[in-house]
Amino acid sequence: MSGSGPEATQPGDGAEVRLQEAEQDWAAAKAFYDNLASKRPRPVSPKPQHAITVAVSSRALFDLVEERRIYEEHGLEKYVEYQQDNENVTLKPGPAFYFVKALEHVNARLLELYPDDEERFDIVLMTNNHAQVGVRLINSINHYGLTIERFCMTGGKSPIGYLTAYLTNLYLSADSEKVQEAIEAGIASATMFAANKDVAYSDTQLRVAFDGDAVLFSDESEQIVKEQGLDRFFEHEQLNENKPLAQGPLKGFLEDLGKLQKKFYAKNERLNCPIRTFLVTARSAASSGARVLKTLRSWGLEVDEALFLAGAPKGPILVKIRPHIFFDDQMFHIEGAQKLGTIAAHVPYGIAQKYHKST
């Protein structure tokens with residue numbers, strides 16, 4: 001590795017030197033790739049530091065329930081053998097599939113408006129599968145016309161180090177243990193759950209719904225609900241109405257979506273923006289809603305729609321919204337959403353996890 005001279009060893013200079021080296025490596029690799037003779041159009045992937053990187057596991061992207069059963073009942077070798085024998089059989093969509101399709105639609109719109117801009121979604125297939133399974137994954141991705149050029153197949157090892165290297169903004173997986181590991185490493189992550197009913201999703205607008213406490217915000221207020229009751233929670237929120245809540249694990253992803261929305265607004269595309277965000281919270285508006293809205297305002301963020309349900313079930317509202325993905329920290333809400341046809345993603349963060357494990 002270059003940069004081993006005296007200047008590189010000065011305190012505080014290491015990160016800058018590594019960034020410069022990464023820029024040089026990227027430029028050299030891109031130049032080599034661009035100079036290769038080819039008649040086929042090649043997708044240009046953005047640099048990780050410019051992109052909004054969404055890492056998706058193979059079991060989140062595709063329906064691998066049967067394959068997982070083979071792995072658990074017959075072991076790795078039979079699993080790999082089955083995948084190779086069926087590598088020309090297209091995998092069915094999994095819970096993250098339509099979300100990924102919607103991300104790619106946003107990218108297409110961005111490229112129309114900003115052809116030289118790299119600030120867009122970069123989707124990485126991050127799987128602990130072995131490389132022998134890769135052909136079936138590639139065939140299925142090509143069948144659906146997905147633009148996923150970056151693969152990371154860890155062969156059974158934890159993907160967390162690779163998530164960090166890819167500067168991952170969001171990690172979606174069907175493996176709750178890996179998601180928990182990623183959350184603990186400070187990476188926005190969620191466990192994907194398929195809907196129990198088939199519904200139609202928008203082909204022209206990415207629709208993302210977020211719970212508030214322990215998802216966009218910290219679990220500060222949720223701790224009071226769990227430990228001191230609802231009346232104390234209302235009192236606490238009114239006393240602290242003008243004190244912004246601390247950020248939760250998905251705040252950064254809402255911020256990323258907001259940045260892209262503003263790029264459309266700048267081109268007078270607000271009414272045709274292909275991104276729409278929703279806050280779907282069990283809070284009541286009059287008793288505890290002001291602090292939430294003021295927190296978003298203090299962050300310079302906004303959501304397109306805010307729905308305060310005052311403890312009512314979220315499932316019926318989500319049916320009307322039809323989000324490509326709904327993030328919540330409580331399995332009770334995840335299961336309710338699933339039953340009515342919403343693809344939900346569990347964020348294992350905050351005090352609700354303690355109560356979920358004990359029940």
# chains A, B, ... in the order shown; residues from 1 in each chain; ligands from 1
$ residues_around --residues "Ala345 of chain A" --least-positions-apart "2" --cutoff "12 Å" --atoms "only C-alpha atoms" --output "mmCIF file with N, CA and C atoms, in the first residue's frame"
data_model
loop_
_atom_site.group_PDB
_atom_site.id
_atom_site.type_symbol
_atom_site.label_atom_id
_atom_site.label_comp_id
_atom_site.auth_asym_id
_atom_site.auth_seq_id
_atom_site.Cartn_x
_atom_site.Cartn_y
_atom_site.Cartn_z
ATOM 1 N N ALA A 60 -33.356 -12.311 0.441
ATOM 2 C CA ALA A 60 -34.265 -11.170 0.446
ATOM 3 C C ALA A 60 -34.711 -10.846 -0.977
ATOM 4 N N PRO A 95 -38.964 -11.008 -0.963
ATOM 5 C CA PRO A 95 -39.594 -9.834 -0.353
ATOM 6 C C PRO A 95 -38.980 -8.497 -0.746
ATOM 7 N N ALA A 96 -37.694 -8.459 -1.095
ATOM 8 C CA ALA A 96 -37.060 -7.187 -1.462
ATOM 9 C C ALA A 96 -37.089 -6.920 -2.959
ATOM 10 N N PHE A 99 -39.000 -3.750 -4.192
ATOM 11 C CA PHE A 99 -38.273 -2.591 -3.666
ATOM 12 C C PHE A 99 -37.067 -2.289 -4.554
ATOM 13 N N LEU A 170 -27.803 0.886 3.440
ATOM 14 C CA LEU A 170 -28.919 0.061 3.908
ATOM 15 C C LEU A 170 -28.625 -1.383 3.555
ATOM 16 N N TYR A 171 -28.841 -2.269 4.528
ATOM 17 C CA TYR A 171 -28.626 -3.708 4.334
ATOM 18 C C TYR A 171 -29.923 -4.438 4.627
ATOM 19 N N LEU A 172 -30.394 -5.223 3.664
ATOM 20 C CA LEU A 172 -31.624 -6.000 3.803
ATOM 21 C C LEU A 172 -31.297 -7.479 3.678
ATOM 22 N N SER A 173 -31.753 -8.265 4.630
ATOM 23 C CA SER A 173 -31.449 -9.688 4.647
ATOM 24 C C SER A 173 -32.617 -10.457 5.237
ATOM 25 N N ALA A 174 -32.661 -11.753 4.966
ATOM 26 C CA ALA A 174 -33.642 -12.626 5.604
ATOM 27 C C ALA A 174 -33.070 -13.276 6.859
ATOM 28 N N ASP A 175 -31.816 -13.000 7.156
ATOM 29 C CA ASP A 175 -31.122 -13.598 8.298
ATOM 30 C C ASP A 175 -31.089 -12.592 9.444
ATOM 31 N N SER A 176 -31.905 -12.820 10.458
ATOM 32 C CA SER A 176 -32.031 -11.860 11.561
ATOM 33 C C SER A 176 -30.738 -11.703 12.353
ATOM 34 N N VAL A 179 -28.503 -9.329 10.437
ATOM 35 C CA VAL A 179 -29.061 -7.985 10.543
ATOM 36 C C VAL A 179 -28.737 -7.388 11.907
ATOM 37 N N ALA A 188 -27.429 0.747 8.945
ATOM 38 C CA ALA A 188 -28.889 0.667 8.848
ATOM 39 C C ALA A 188 -29.272 -0.666 8.220
ATOM 40 N N SER A 189 -30.050 -1.465 8.923
ATOM 41 C CA SER A 189 -30.330 -2.830 8.480
ATOM 42 C C SER A 189 -31.715 -3.256 8.914
ATOM 43 N N ALA A 190 -32.266 -4.236 8.196
ATOM 44 C CA ALA A 190 -33.577 -4.767 8.558
ATOM 45 C C ALA A 190 -33.735 -6.175 8.015
ATOM 46 N N THR A 191 -34.530 -6.968 8.729
ATOM 47 C CA THR A 191 -34.835 -8.335 8.316
ATOM 48 C C THR A 191 -36.114 -8.317 7.496
ATOM 49 N N MET A 192 -36.050 -8.902 6.292
ATOM 50 C CA MET A 192 -37.186 -8.854 5.366
ATOM 51 C C MET A 192 -38.177 -9.972 5.627
ATOM 52 N N PHE A 193 -39.466 -9.626 5.529
ATOM 53 C CA PHE A 193 -40.545 -10.606 5.664
ATOM 54 C C PHE A 193 -41.508 -10.437 4.494
ATOM 55 N N ALA A 194 -41.795 -11.545 3.817
ATOM 56 C CA ALA A 194 -42.697 -11.503 2.663
ATOM 57 C C ALA A 194 -44.130 -11.284 3.119
ATOM 58 N N ALA A 195 -44.921 -10.672 2.252
ATOM 59 C CA ALA A 195 -46.338 -10.493 2.530
ATOM 60 C C ALA A 195 -47.075 -11.815 2.363
ATOM 61 N N VAL A 208 -41.863 4.257 0.465
ATOM 62 C CA VAL A 208 -41.178 3.737 1.653
ATOM 63 C C VAL A 208 -41.873 4.267 2.897
ATOM 64 N N ALA A 209 -42.278 3.347 3.782
ATOM 65 C CA ALA A 209 -42.969 3.718 5.020
ATOM 66 C C ALA A 209 -42.081 3.391 6.222
ATOM 67 N N PHE A 210 -42.009 4.331 7.143
ATOM 68 C CA PHE A 210 -41.169 4.192 8.338
ATOM 69 C C PHE A 210 -42.028 4.310 9.595
ATOM 70 N N ASP A 211 -41.756 3.455 10.569
ATOM 71 C CA ASP A 211 -42.206 3.705 11.931
ATOM 72 C C ASP A 211 -41.325 4.827 12.490
ATOM 73 N N VAL A 215 -36.844 3.550 15.009
ATOM 74 C CA VAL A 215 -36.575 3.356 13.579
ATOM 75 C C VAL A 215 -35.970 4.640 13.021
ATOM 76 N N LEU A 250 -32.523 4.240 11.068
ATOM 77 C CA LEU A 250 -32.942 4.478 9.681
ATOM 78 C C LEU A 250 -33.004 5.966 9.317
ATOM 79 N N PRO A 323 -46.745 0.380 0.385
ATOM 80 C CA PRO A 323 -45.319 0.668 0.266
ATOM 81 C C PRO A 323 -44.553 -0.534 -0.294
ATOM 82 N N HIS A 324 -43.440 -0.262 -0.940
ATOM 83 C CA HIS A 324 -42.559 -1.344 -1.365
ATOM 84 C C HIS A 324 -41.857 -1.969 -0.162
ATOM 85 N N ILE A 325 -41.762 -1.168 0.907
ATOM 86 C CA ILE A 325 -41.150 -1.669 2.136
ATOM 87 C C ILE A 325 -41.644 -0.828 3.311
ATOM 88 N N PHE A 326 -41.893 -1.494 4.442
ATOM 89 C CA PHE A 326 -42.327 -0.833 5.672
ATOM 90 C C PHE A 326 -41.386 -1.236 6.788
ATOM 91 N N PHE A 327 -40.729 -0.261 7.419
ATOM 92 C CA PHE A 327 -39.762 -0.520 8.485
ATOM 93 C C PHE A 327 -40.415 -0.312 9.852
ATOM 94 N N ASP A 328 -40.284 -1.305 10.738
ATOM 95 C CA ASP A 328 -40.811 -1.183 12.100
ATOM 96 C C ASP A 328 -39.920 -1.978 13.040
ATOM 97 N N ASP A 329 -39.876 -1.565 14.301
ATOM 98 C CA ASP A 329 -39.026 -2.256 15.275
ATOM 99 C C ASP A 329 -39.768 -3.325 16.064
ATOM 100 N N GLN A 330 -41.089 -3.411 15.911
ATOM 101 C CA GLN A 330 -41.859 -4.363 16.722
ATOM 102 C C GLN A 330 -42.486 -5.437 15.837
ATOM 103 N N MET A 331 -42.238 -6.683 16.197
ATOM 104 C CA MET A 331 -42.737 -7.802 15.395
ATOM 105 C C MET A 331 -44.264 -7.834 15.368
ATOM 106 N N PHE A 332 -44.902 -7.312 16.380
ATOM 107 C CA PHE A 332 -46.369 -7.250 16.386
ATOM 108 C C PHE A 332 -46.875 -6.486 15.159
ATOM 109 N N HIS A 333 -46.247 -5.370 14.865
ATOM 110 C CA HIS A 333 -46.649 -4.571 13.706
ATOM 111 C C HIS A 333 -46.208 -5.229 12.392
ATOM 112 N N ILE A 334 -45.062 -5.869 12.410
ATOM 113 C CA ILE A 334 -44.573 -6.575 11.220
ATOM 114 C C ILE A 334 -45.563 -7.668 10.826
ATOM 115 N N GLU A 335 -45.977 -8.476 11.795
ATOM 116 C CA GLU A 335 -46.894 -9.586 11.519
ATOM 117 C C GLU A 335 -48.262 -9.082 11.064
ATOM 118 N N ALA A 337 -48.821 -6.301 9.457
ATOM 119 C CA ALA A 337 -48.646 -5.806 8.089
ATOM 120 C C ALA A 337 -48.604 -6.961 7.100
ATOM 121 N N GLN A 338 -47.870 -8.010 7.451
ATOM 122 C CA GLN A 338 -47.761 -9.192 6.577
ATOM 123 C C GLN A 338 -49.123 -9.783 6.243
ATOM 124 N N THR A 342 -48.585 -6.466 3.180
ATOM 125 C CA THR A 342 -47.482 -5.500 3.125
ATOM 126 C C THR A 342 -46.149 -6.204 3.358
ATOM 127 N N ILE A 343 -45.170 -5.893 2.512
ATOM 128 C CA ILE A 343 -43.810 -6.395 2.722
ATOM 129 C C ILE A 343 -43.165 -5.558 3.819
ATOM 130 N N VAL A 347 -36.599 -3.906 12.124
ATOM 131 C CA VAL A 347 -35.371 -3.230 12.549
ATOM 132 C C VAL A 347 -35.106 -3.634 14.000
ATOM 133 N N PRO A 348 -34.127 -4.499 14.261
ATOM 134 C CA PRO A 348 -33.910 -5.014 15.619
ATOM 135 C C PRO A 348 -33.126 -4.031 16.483
#
$ closest_atom_pairs --of "segment 138-187 of chain A" --to "segment 46-52 of chain A" --cutoff "8 Å" --atoms "only C-alpha atoms" --output "tab-separated table"
residue	atom	partner	partner_atom	distance
A:Tyr166	CA	A:Pro48	CA	6.2
A:Leu167	CA	A:Pro48	CA	6.2
A:Thr168	CA	A:Ile52	CA	7.4
A:Asn169	CA	A:Ile52	CA	5.9
$ closest_residue --among "A:Ser45, A:Gln353, A:Gln180, A:Gln83" --to "Asn129 of chain A" --atoms "only C-alpha atoms"
A:Gln83
$ atom_distance --atom1 "atom CA of Phe62 of chain A" --atom2 "atom CA of Pro93 of chain A"
4.5 Å
$ residues_around --residues "segment 199-203 of chain A" --least-positions-apart "4" --cutoff "7 Å" --atoms "only C-alpha atoms" --output "list in words"
Ala102, Arg322, His324 and Gly341 of chain A
$ write_last_selection --atoms "N, CA and C atoms" --output "PDB file, in the first residue's frame"
ATOM      1  N   ALA A 102     -38.110  -0.806  -7.801  1.00  0.00           N
ATOM      2  CA  ALA A 102     -38.469   0.600  -7.634  1.00  0.00           C
ATOM      3  C   ALA A 102     -37.228   1.481  -7.528  1.00  0.00           C
ATOM      4  N   ARG A 322     -49.662   0.946   0.296  1.00  0.00           N
ATOM      5  CA  ARG A 322     -48.964  -0.028  -0.554  1.00  0.00           C
ATOM      6  C   ARG A 322     -47.476   0.310  -0.723  1.00  0.00           C
ATOM      7  N   HIS A 324     -43.440  -0.262  -0.940  1.00  0.00           N
ATOM      8  CA  HIS A 324     -42.559  -1.344  -1.365  1.00  0.00           C
ATOM      9  C   HIS A 324     -41.857  -1.969  -0.162  1.00  0.00           C
ATOM     10  N   GLY A 341     -50.892  -8.078   3.482  1.00  0.00           N
ATOM     11  CA  GLY A 341     -50.261  -7.943   2.173  1.00  0.00           C
ATOM     12  C   GLY A 341     -49.147  -6.928   2.052  1.00  0.00           C
TER      13      GLY A 341
END
$ select_by_dssp --residues "segment 60-144 of chain A" --states "alpha helix (DSSP H)" --output "number ranges by chain"
A: 60-61, 65-74, 76-85, 97-113, 134-143
$ write_last_selection --atoms "C-alpha atoms" --output "compact mmCIF listing (two decimals), in the first residue's frame"
# COMPACT_ATOMS: atom_id res chain seq x y z
CA ALA A 60 -34.27 -11.17 0.45
CA LEU A 61 -34.11 -10.62 -3.31
CA VAL A 65 -37.57 -21.14 0.81
CA GLU A 66 -37.22 -24.55 -0.83
CA GLU A 67 -33.48 -24.13 -1.26
CA ARG A 68 -33.16 -23.17 2.40
CA ARG A 69 -35.08 -26.31 3.39
CA ILE A 70 -32.65 -28.45 1.40
CA TYR A 71 -29.71 -26.74 3.08
CA GLU A 72 -31.11 -27.24 6.59
CA GLU A 73 -32.22 -30.85 6.06
CA HIS A 74 -29.46 -32.19 3.80
CA LEU A 76 -24.31 -27.60 2.21
CA GLU A 77 -23.12 -30.05 -0.46
CA LYS A 78 -26.65 -31.12 -1.42
CA TYR A 79 -27.72 -27.48 -1.42
CA VAL A 80 -24.93 -26.47 -3.81
CA GLU A 81 -25.64 -29.50 -5.99
CA TYR A 82 -29.34 -28.57 -6.18
CA GLN A 83 -28.54 -24.99 -7.12
CA GLN A 84 -26.17 -26.09 -9.87
CA ASP A 85 -28.65 -28.63 -11.24
CA PHE A 97 -37.55 -7.76 -5.20
CA TYR A 98 -40.13 -5.03 -5.90
CA PHE A 99 -38.27 -2.59 -3.67
CA VAL A 100 -35.15 -3.15 -5.78
CA LYS A 101 -37.17 -2.72 -8.97
CA ALA A 102 -38.47 0.60 -7.63
CA LEU A 103 -34.92 1.73 -6.78
CA GLU A 104 -33.91 1.01 -10.36
CA HIS A 105 -36.84 3.05 -11.68
CA VAL A 106 -35.65 6.00 -9.58
CA ASN A 107 -32.16 5.54 -11.04
CA ALA A 108 -33.54 5.60 -14.58
CA ARG A 109 -35.35 8.87 -13.89
CA LEU A 110 -32.25 10.38 -12.28
CA LEU A 111 -30.10 9.43 -15.27
CA GLU A 112 -32.56 11.18 -17.58
CA LEU A 113 -32.30 14.40 -15.59
CA GLY A 134 -23.57 -17.57 -8.42
CA VAL A 135 -24.59 -18.75 -11.87
CA ARG A 136 -28.22 -19.28 -10.86
CA LEU A 137 -28.33 -15.88 -9.18
CA ILE A 138 -26.85 -14.20 -12.25
CA ASN A 139 -29.27 -15.99 -14.57
CA SER A 140 -32.24 -14.93 -12.46
CA ILE A 141 -31.06 -11.31 -12.24
CA ASN A 142 -30.61 -11.20 -16.02
CA HIS A 143 -34.01 -12.81 -16.57
$ residues_around --residues "Pro244 of chain A" --least-positions-apart "6" --cutoff "12 Å" --atoms "only C-alpha atoms" --output "number ranges by chain"
A: 217-218, 220-221, 237, 290-300
$ write_last_selection --atoms "C-alpha atoms" --output "PDB file, in the first residue's frame"
ATOM      1  CA  PHE A 217     -35.763   8.156  16.087  1.00  0.00           C
ATOM      2  CA  SER A 218     -34.040   6.676  19.122  1.00  0.00           C
ATOM      3  CA  GLU A 220     -35.856   7.112  24.281  1.00  0.00           C
ATOM      4  CA  SER A 221     -39.625   7.621  24.328  1.00  0.00           C
ATOM      5  CA  GLU A 237     -43.319  14.180  25.337  1.00  0.00           C
ATOM      6  CA  ALA A 290     -45.571  17.657  17.816  1.00  0.00           C
ATOM      7  CA  ARG A 291     -42.196  16.426  19.055  1.00  0.00           C
ATOM      8  CA  VAL A 292     -41.885  14.047  16.108  1.00  0.00           C
ATOM      9  CA  LEU A 293     -42.619  16.733  13.522  1.00  0.00           C
ATOM     10  CA  LYS A 294     -40.346  19.251  15.228  1.00  0.00           C
ATOM     11  CA  THR A 295     -37.549  16.680  15.336  1.00  0.00           C
ATOM     12  CA  LEU A 296     -37.790  16.113  11.584  1.00  0.00           C
ATOM     13  CA  ARG A 297     -37.823  19.878  11.055  1.00  0.00           C
ATOM     14  CA  SER A 298     -34.699  20.284  13.205  1.00  0.00           C
ATOM     15  CA  TRP A 299     -32.943  17.703  11.030  1.00  0.00           C
ATOM     16  CA  GLY A 300     -33.949  19.513   7.859  1.00  0.00           C
TER      17      GLY A 300
END
